[in-house]
Amino acid sequence: MRIVFEGGSDTVTGSRHRIEVNGTAVWRDCGLFQGRRQEAAERNRTFTFPPQHIAAILLSHAHIDHCGNLPSLARNGFDRPVHATHATCDLCQIMLRDAAHIQEQDAAYLNQKTNRRSLPPVEPLYTLADAETALGWLKGHAYHEPFEVAPGLRAAALDAGHVLGAELTLVEAEEHGRTVRVGFALDLGRRNLPLLRDPEPLPPDLDLLVLESTYGDRFHEDVHTARDRLFHIIRTTIDRGGKVLIPSFALERTQEILYHLHVLQTEGRLEPVCTYVDSPMASAITRVFERHVELLDDETRALLRSQGSIFPPWVRFTSTVDESKQITASNSPCIVIAASGMCEHGRILHHLKHGIERPENSILIVGFQAVHTLGRRLVDGERRVRVFGDWFQVRAEVHVLQAFSAHADQKDLVEYAQAVRPRRIALVHGESPARARLAARLEEVSDAKVWLPSPGDTIAL
Ligand SMILES: [Zn+2]
């Protein structure tokens with residue numbers, strides 16, 4: 001068995017690993033590489049291994065950096081099963097169509113630019129038709145039910161506790177009478193995250209654990225103190241007549257915030273507050289959560305039994321642009337949850353444009369903000385920012401709640417590796433400082449050989 005580290009080794013996007021057994025090749029994940037436009041376009045269009053020679057794909061979860069380049073395969077001769085949990089299959093219906101829409105819009109925007117008029121038109125990386133083709137390859141599985149991926153190669157999914165439907169994948173290869181077992185723990189969630197069950201341990205004594213290291217050099221705040229801080233920000237903002245504007249990722253973070261609001265209300269701390277989810281995508285994803293309550297943790301299911309719903313029944317999900325405009329035009333106190341999570345596009349920009357200069361408002365940042373994004377400028381405390389090309393003074397209060405991360409931190413990663421006791425660990429999915437610090441810590445506390453693969457590296461087992 002060979003593992004080739006094709007993508008997402010020293011970066012946190014574009015996850016792709018090739019597993020080769022008995023002359024057959026399989027990919028785990030086919031994520032979109034996100035970064036500078038030119039580099040991203042090249043990386044996402046080019047495959048170092050011919051997709052038509054891939055026998056199947058094992059898909060870990062519905063985040064775009066893991067599934068978002070599947071539609072590109074529709075243009076590269078791939079036509080094989082993509083195995084994932086049932087919930088991941090449902091979420092991909094929403095995520096991949098949205099990703100295709102963004103690709104089409106991006107190409108249309110570039111083609112409109114006057115300085116491109118003499119150049120050939122930009123082709124989108126993929127289209128909605130390609131996404132539909134990719135959705136046709138999805139094959140749903142339950143957790144803990146091993147299945148045959150290719151001759152001599154079996155796989156099973158364990159709960160990753162990262163986002164709904166996310167899996168840790170155990171692959172077992174039978175080759176020349178020998179069994180080799182590899183576990184993929186990327187992305188790995190955290191214990192005690194709202195809604196989700198805790199990450200499950202992969203079986204002990206793996207030949208190799210491929211482990212993420214996104215937050216390998218950090219320690220997160222406790223999830224429970226985050227709910228108290230959320231409550232305090234909402235209480236003080238609403239009491240002074242302001243709006244709480246929450247830029248939020250449509251998958252998981254929006255549902256977590258809604259869950260916290262519901263718990264605060266059932267505890268008698270918060271009365272039903274006028275709350276809008278102003279994101280059709282987040283609304284659609286919320287319905288997928290309601291369809292898969294069997295995957296949620298005991299506390300969430302207890303809330304469902306006692307209250308009849310997971311999310312607060314008083315939340316309003318807007319669908320039309322007119323409804324959204326009415327909320328931005330009104331200055332009544334309320335909570336608005338809208339995408340995009342890094343304030344790069346989407347309806348949150350309209351809410352910021354109307355609300356950012358009002359000192360009674362709060363902007364609550366609850367997710368990771370990449371450099372050069374509007375969200376990052378707000379986190380960095382810039383007092384003047386551009387929204388839709390116009391300059392605005394930041395007079396609203398900006399709050400940052402870091403505790404909502406869905407990724408394991410250094411302590412979680414080390415404890416996870418100690419529980420699994422693999423013979424070797426390959427650290428991937430992290431930038432250099434995070435990988436190096438985590439590697440040093442793992443070498444201190446475990447007997448495993450720790451390796452930091454570079455893109456294109458191969459390990460034979
Ligand atoms: Zn993820």
# chains A, B, ... in the order shown; residues from 1 in each chain; ligands from 1
>>> residues_near_ligand(ligand="ligand 1", cutoff="7 Å", atoms="only C-alpha atoms and all ligand atoms", output="list in words")
His61, His63, His162, Val163 and Asp187 of chain A
>>> residues_around(residues="Thr237 in chain A", least_positions_apart="2", cutoff="12 Å", atoms="only C-alpha atoms", output="list in words")
Leu230, Phe231, His232, Ile233, Ile234, Arg235, Asp239, Arg240, Gly241, Gly242, Lys243, Val244, Leu245, Val273, Ser332, Pro333, Cys334, Ile335, Arg358, Pro359, Glu360, Asn361, Ser362, Ile363, Leu364, Ala396, Glu397, Val398 and His399 of chain A
>>> write_last_selection(atoms="N, CA and C atoms", output="PDB file, in the first residue's frame")
ATOM      1  N   LEU A 230     -21.554  35.051  24.322  1.00  0.00           N
ATOM      2  CA  LEU A 230     -22.566  35.302  23.294  1.00  0.00           C
ATOM      3  C   LEU A 230     -23.787  35.979  23.929  1.00  0.00           C
ATOM      4  N   PHE A 231     -24.222  35.415  25.064  1.00  0.00           N
ATOM      5  CA  PHE A 231     -25.375  35.970  25.772  1.00  0.00           C
ATOM      6  C   PHE A 231     -25.124  37.432  26.161  1.00  0.00           C
ATOM      7  N   HIS A 232     -23.960  37.704  26.729  1.00  0.00           N
ATOM      8  CA  HIS A 232     -23.640  39.053  27.205  1.00  0.00           C
ATOM      9  C   HIS A 232     -23.666  40.063  26.043  1.00  0.00           C
ATOM     10  N   ILE A 233     -23.095  39.681  24.910  1.00  0.00           N
ATOM     11  CA  ILE A 233     -23.051  40.595  23.749  1.00  0.00           C
ATOM     12  C   ILE A 233     -24.471  40.857  23.238  1.00  0.00           C
ATOM     13  N   ILE A 234     -25.276  39.816  23.164  1.00  0.00           N
ATOM     14  CA  ILE A 234     -26.653  39.987  22.678  1.00  0.00           C
ATOM     15  C   ILE A 234     -27.431  40.878  23.644  1.00  0.00           C
ATOM     16  N   ARG A 235     -27.334  40.550  24.947  1.00  0.00           N
ATOM     17  CA  ARG A 235     -28.094  41.288  25.965  1.00  0.00           C
ATOM     18  C   ARG A 235     -27.786  42.788  25.900  1.00  0.00           C
ATOM     19  N   ASP A 239     -30.348  45.656  24.486  1.00  0.00           N
ATOM     20  CA  ASP A 239     -30.800  46.618  25.504  1.00  0.00           C
ATOM     21  C   ASP A 239     -30.528  48.066  25.087  1.00  0.00           C
ATOM     22  N   ARG A 240     -29.476  48.282  24.300  1.00  0.00           N
ATOM     23  CA  ARG A 240     -29.221  49.669  23.886  1.00  0.00           C
ATOM     24  C   ARG A 240     -29.853  49.971  22.523  1.00  0.00           C
ATOM     25  N   GLY A 241     -30.698  49.063  22.067  1.00  0.00           N
ATOM     26  CA  GLY A 241     -31.461  49.324  20.837  1.00  0.00           C
ATOM     27  C   GLY A 241     -30.708  48.990  19.560  1.00  0.00           C
ATOM     28  N   GLY A 242     -29.660  48.144  19.668  1.00  0.00           N
ATOM     29  CA  GLY A 242     -28.840  47.853  18.488  1.00  0.00           C
ATOM     30  C   GLY A 242     -29.145  46.504  17.855  1.00  0.00           C
ATOM     31  N   LYS A 243     -28.461  46.270  16.745  1.00  0.00           N
ATOM     32  CA  LYS A 243     -28.542  44.979  16.053  1.00  0.00           C
ATOM     33  C   LYS A 243     -27.253  44.203  16.318  1.00  0.00           C
ATOM     34  N   VAL A 244     -27.371  42.884  16.415  1.00  0.00           N
ATOM     35  CA  VAL A 244     -26.185  42.028  16.487  1.00  0.00           C
ATOM     36  C   VAL A 244     -26.017  41.402  15.101  1.00  0.00           C
ATOM     37  N   LEU A 245     -24.978  41.798  14.392  1.00  0.00           N
ATOM     38  CA  LEU A 245     -24.745  41.284  13.037  1.00  0.00           C
ATOM     39  C   LEU A 245     -23.697  40.178  13.111  1.00  0.00           C
ATOM     40  N   VAL A 273     -35.745  36.662  21.023  1.00  0.00           N
ATOM     41  CA  VAL A 273     -35.307  37.923  20.433  1.00  0.00           C
ATOM     42  C   VAL A 273     -35.595  37.832  18.937  1.00  0.00           C
ATOM     43  N   SER A 332     -34.753  48.456  14.057  1.00  0.00           N
ATOM     44  CA  SER A 332     -35.227  47.793  15.280  1.00  0.00           C
ATOM     45  C   SER A 332     -34.168  46.816  15.767  1.00  0.00           C
ATOM     46  N   PRO A 333     -34.056  46.649  17.096  1.00  0.00           N
ATOM     47  CA  PRO A 333     -33.074  45.693  17.622  1.00  0.00           C
ATOM     48  C   PRO A 333     -33.374  44.272  17.147  1.00  0.00           C
ATOM     49  N   CYS A 334     -32.349  43.569  16.758  1.00  0.00           N
ATOM     50  CA  CYS A 334     -32.525  42.181  16.310  1.00  0.00           C
ATOM     51  C   CYS A 334     -31.159  41.522  16.157  1.00  0.00           C
ATOM     52  N   ILE A 335     -31.188  40.211  15.924  1.00  0.00           N
ATOM     53  CA  ILE A 335     -29.969  39.459  15.600  1.00  0.00           C
ATOM     54  C   ILE A 335     -30.075  39.073  14.130  1.00  0.00           C
ATOM     55  N   ARG A 358     -23.211  52.528  12.969  1.00  0.00           N
ATOM     56  CA  ARG A 358     -24.121  52.813  14.089  1.00  0.00           C
ATOM     57  C   ARG A 358     -23.526  52.242  15.375  1.00  0.00           C
ATOM     58  N   PRO A 359     -23.174  53.126  16.342  1.00  0.00           N
ATOM     59  CA  PRO A 359     -22.465  52.661  17.547  1.00  0.00           C
ATOM     60  C   PRO A 359     -23.289  51.740  18.439  1.00  0.00           C
ATOM     61  N   GLU A 360     -24.612  51.748  18.276  1.00  0.00           N
ATOM     62  CA  GLU A 360     -25.428  50.850  19.117  1.00  0.00           C
ATOM     63  C   GLU A 360     -25.346  49.398  18.626  1.00  0.00           C
ATOM     64  N   ASN A 361     -24.854  49.176  17.396  1.00  0.00           N
ATOM     65  CA  ASN A 361     -24.793  47.821  16.831  1.00  0.00           C
ATOM     66  C   ASN A 361     -23.537  47.070  17.273  1.00  0.00           C
ATOM     67  N   SER A 362     -23.601  45.754  17.164  1.00  0.00           N
ATOM     68  CA  SER A 362     -22.415  44.910  17.391  1.00  0.00           C
ATOM     69  C   SER A 362     -22.192  44.037  16.159  1.00  0.00           C
ATOM     70  N   ILE A 363     -20.934  43.859  15.815  1.00  0.00           N
ATOM     71  CA  ILE A 363     -20.568  42.878  14.778  1.00  0.00           C
ATOM     72  C   ILE A 363     -19.856  41.763  15.521  1.00  0.00           C
ATOM     73  N   LEU A 364     -20.388  40.569  15.393  1.00  0.00           N
ATOM     74  CA  LEU A 364     -19.860  39.450  16.170  1.00  0.00           C
ATOM     75  C   LEU A 364     -19.193  38.455  15.226  1.00  0.00           C
ATOM     76  N   ALA A 396     -19.702  50.558  14.941  1.00  0.00           N
ATOM     77  CA  ALA A 396     -20.307  49.445  15.695  1.00  0.00           C
ATOM     78  C   ALA A 396     -19.204  48.765  16.521  1.00  0.00           C
ATOM     79  N   GLU A 397     -19.600  48.135  17.626  1.00  0.00           N
ATOM     80  CA  GLU A 397     -18.623  47.370  18.429  1.00  0.00           C
ATOM     81  C   GLU A 397     -18.282  46.073  17.686  1.00  0.00           C
ATOM     82  N   VAL A 398     -17.006  45.739  17.661  1.00  0.00           N
ATOM     83  CA  VAL A 398     -16.611  44.469  17.027  1.00  0.00           C
ATOM     84  C   VAL A 398     -16.188  43.493  18.133  1.00  0.00           C
ATOM     85  N   HIS A 399     -16.817  42.329  18.159  1.00  0.00           N
ATOM     86  CA  HIS A 399     -16.477  41.286  19.137  1.00  0.00           C
ATOM     87  C   HIS A 399     -15.982  40.050  18.393  1.00  0.00           C
TER      88      HIS A 399
END
>>> closest_residue(among="A:Ala226, A:Ala250, A:Leu427, A:Ala56", to="Gln402 in chain A", atoms="only C-alpha atoms")
A:Ala226
>>> residues_around(residues="Ala157 in chain A", least_positions_apart="4", cutoff="9 Å", atoms="only C-alpha atoms", output="list in words")
Ser60, Ala84, Thr85, His141, Ala142, Tyr143, His144, Glu145, Pro146, Ala166, Glu167, Leu168, Thr169 and Leu170 of chain A
>>> residues_around(residues="range 188-199 of chain A", least_positions_apart="2", cutoff="7 Å", atoms="only C-alpha atoms", output="PDB file with N, CA and C atoms, in the first residue's frame")
ATOM      1  N   ASP A 159     -17.337   8.718  13.361  1.00  0.00           N
ATOM      2  CA  ASP A 159     -17.775  10.107  13.526  1.00  0.00           C
ATOM      3  C   ASP A 159     -16.574  11.000  13.834  1.00  0.00           C
ATOM      4  N   ALA A 160     -16.428  12.073  13.036  1.00  0.00           N
ATOM      5  CA  ALA A 160     -15.295  12.992  13.215  1.00  0.00           C
ATOM      6  C   ALA A 160     -15.613  14.116  14.186  1.00  0.00           C
ATOM      7  N   GLY A 161     -16.911  14.315  14.522  1.00  0.00           N
ATOM      8  CA  GLY A 161     -17.277  15.393  15.451  1.00  0.00           C
ATOM      9  C   GLY A 161     -16.836  16.762  14.952  1.00  0.00           C
ATOM     10  N   HIS A 162     -16.843  16.960  13.646  1.00  0.00           N
ATOM     11  CA  HIS A 162     -16.307  18.202  13.053  1.00  0.00           C
ATOM     12  C   HIS A 162     -17.435  19.053  12.459  1.00  0.00           C
ATOM     13  N   LEU A 164     -21.639  18.235  10.587  1.00  0.00           N
ATOM     14  CA  LEU A 164     -22.619  17.166  10.387  1.00  0.00           C
ATOM     15  C   LEU A 164     -22.148  16.212   9.281  1.00  0.00           C
ATOM     16  N   ALA A 185      -7.542  11.178   9.973  1.00  0.00           N
ATOM     17  CA  ALA A 185      -8.255  12.036  10.928  1.00  0.00           C
ATOM     18  C   ALA A 185      -8.123  13.484  10.469  1.00  0.00           C
ATOM     19  N   LEU A 186      -8.752  13.790   9.380  1.00  0.00           N
ATOM     20  CA  LEU A 186      -8.823  15.153   8.883  1.00  0.00           C
ATOM     21  C   LEU A 186     -10.104  15.245   8.078  1.00  0.00           C
ATOM     22  N   PRO A 201     -12.621   7.445  18.568  1.00  0.00           N
ATOM     23  CA  PRO A 201     -11.239   7.003  18.359  1.00  0.00           C
ATOM     24  C   PRO A 201     -11.152   5.987  17.225  1.00  0.00           C
ATOM     25  N   GLU A 212      -4.652  15.865  10.908  1.00  0.00           N
ATOM     26  CA  GLU A 212      -4.620  17.294  10.570  1.00  0.00           C
ATOM     27  C   GLU A 212      -3.850  18.073  11.637  1.00  0.00           C
ATOM     28  N   VAL A 223     -15.781  25.880  24.980  1.00  0.00           N
ATOM     29  CA  VAL A 223     -17.021  26.120  24.226  1.00  0.00           C
ATOM     30  C   VAL A 223     -18.119  26.696  25.133  1.00  0.00           C
ATOM     31  N   GLU A 256     -24.936  26.160  15.023  1.00  0.00           N
ATOM     32  CA  GLU A 256     -24.428  26.221  16.404  1.00  0.00           C
ATOM     33  C   GLU A 256     -24.964  27.454  17.121  1.00  0.00           C
ATOM     34  N   LEU A 296     -27.019  13.598  15.968  1.00  0.00           N
ATOM     35  CA  LEU A 296     -26.706  14.675  16.914  1.00  0.00           C
ATOM     36  C   LEU A 296     -26.460  14.110  18.308  1.00  0.00           C
ATOM     37  N   ASP A 297     -25.853  14.927  19.176  1.00  0.00           N
ATOM     38  CA  ASP A 297     -25.465  14.408  20.498  1.00  0.00           C
ATOM     39  C   ASP A 297     -26.667  14.314  21.438  1.00  0.00           C
ATOM     40  N   THR A 300     -28.545  17.552  22.476  1.00  0.00           N
ATOM     41  CA  THR A 300     -29.388  18.131  21.424  1.00  0.00           C
ATOM     42  C   THR A 300     -30.676  17.342  21.285  1.00  0.00           C
ATOM     43  N   ALA A 406     -14.407  24.486  14.878  1.00  0.00           N
ATOM     44  CA  ALA A 406     -14.828  23.083  14.745  1.00  0.00           C
ATOM     45  C   ALA A 406     -13.628  22.147  14.602  1.00  0.00           C
ATOM     46  N   HIS A 407     -12.396  22.704  14.732  1.00  0.00           N
ATOM     47  CA  HIS A 407     -11.181  21.884  14.602  1.00  0.00           C
ATOM     48  C   HIS A 407     -10.548  21.642  15.974  1.00  0.00           C
ATOM     49  N   ALA A 408      -9.980  20.458  16.126  1.00  0.00           N
ATOM     50  CA  ALA A 408      -9.221  20.134  17.331  1.00  0.00           C
ATOM     51  C   ALA A 408      -8.058  21.118  17.496  1.00  0.00           C
ATOM     52  N   ASP A 412      -6.285  18.697  21.999  1.00  0.00           N
ATOM     53  CA  ASP A 412      -7.173  17.657  21.446  1.00  0.00           C
ATOM     54  C   ASP A 412      -6.402  16.713  20.514  1.00  0.00           C
TER      55      ASP A 412
END
>>> select_by_dssp(residues="range 124-360 of chain A", states="strand (DSSP E)", output="PyMOL selection string")
chain A and resi 138-141+147-150+153-159+167-175+178-185+208-212+243-247+275-277+315-317+334-338
>>> closest_atom_pairs(of="range 46-70 of chain A", to="range 25-39 of chain A", cutoff="9 Å", atoms="only C-alpha atoms", output="JSON lines")
{"residue": "A:His53", "atom": "CA", "partner": "A:Ala25", "partner_atom": "CA", "distance": 7.0}
{"residue": "A:Ile54", "atom": "CA", "partner": "A:Ala25", "partner_atom": "CA", "distance": 5.2}
{"residue": "A:Ala55", "atom": "CA", "partner": "A:Val26", "partner_atom": "CA", "distance": 5.5}
{"residue": "A:Ala56", "atom": "CA", "partner": "A:Val26", "partner_atom": "CA", "distance": 5.2}
{"residue": "A:Ile57", "atom": "CA", "partner": "A:Trp27", "partner_atom": "CA", "distance": 4.8}
{"residue": "A:Leu58", "atom": "CA", "partner": "A:Arg28", "partner_atom": "CA", "distance": 4.6}
{"residue": "A:Leu59", "atom": "CA", "partner": "A:Asp29", "partner_atom": "CA", "distance": 4.8}
{"residue": "A:Ser60", "atom": "CA", "partner": "A:Asp29", "partner_atom": "CA", "distance": 6.3}
{"residue": "A:His61", "atom": "CA", "partner": "A:Asp29", "partner_atom": "CA", "distance": 8.3}
{"residue": "A:His63", "atom": "CA", "partner": "A:Gly31", "partner_atom": "CA", "distance": 8.2}
{"residue": "A:Ile64", "atom": "CA", "partner": "A:Leu32", "partner_atom": "CA", "distance": 6.0}
{"residue": "A:Asp65", "atom": "CA", "partner": "A:Gly31", "partner_atom": "CA", "distance": 4.3}
{"residue": "A:His66", "atom": "CA", "partner": "A:Gly31", "partner_atom": "CA", "distance": 3.6}
{"residue": "A:Cys67", "atom": "CA", "partner": "A:Gly31", "partner_atom": "CA", "distance": 4.6}
{"residue": "A:Gly68", "atom": "CA", "partner": "A:Leu32", "partner_atom": "CA", "distance": 4.6}
{"residue": "A:Asn69", "atom": "CA", "partner": "A:Leu32", "partner_atom": "CA", "distance": 4.6}
{"residue": "A:Leu70", "atom": "CA", "partner": "A:Cys30", "partner_atom": "CA", "distance": 5.7}
>>> select_by_dssp(residues="range 142-278 of chain A", states="alpha helix (DSSP H)", output="ChimeraX atom specification")
/A:223-239,253-266
>>> residues_around(residues="Ile459 in chain A", least_positions_apart="3", cutoff="10 Å", atoms="only C-alpha atoms", output="tab-separated table (two decimals) with C-alpha atoms, in the first residue's frame")
chain	number	residue	atom	x	y	z
A	1	MET	CA	0.00	0.00	0.00
A	2	ARG	CA	1.19	3.50	-0.87
A	3	ILE	CA	-0.17	6.86	0.24
A	4	VAL	CA	0.64	9.84	-1.97
A	5	PHE	CA	0.22	13.27	-0.37
A	19	ILE	CA	-4.24	5.45	-1.77
A	208	LEU	CA	-0.24	5.10	9.90
A	426	ALA	CA	1.86	11.96	9.06
A	453	PRO	CA	5.15	15.18	4.23
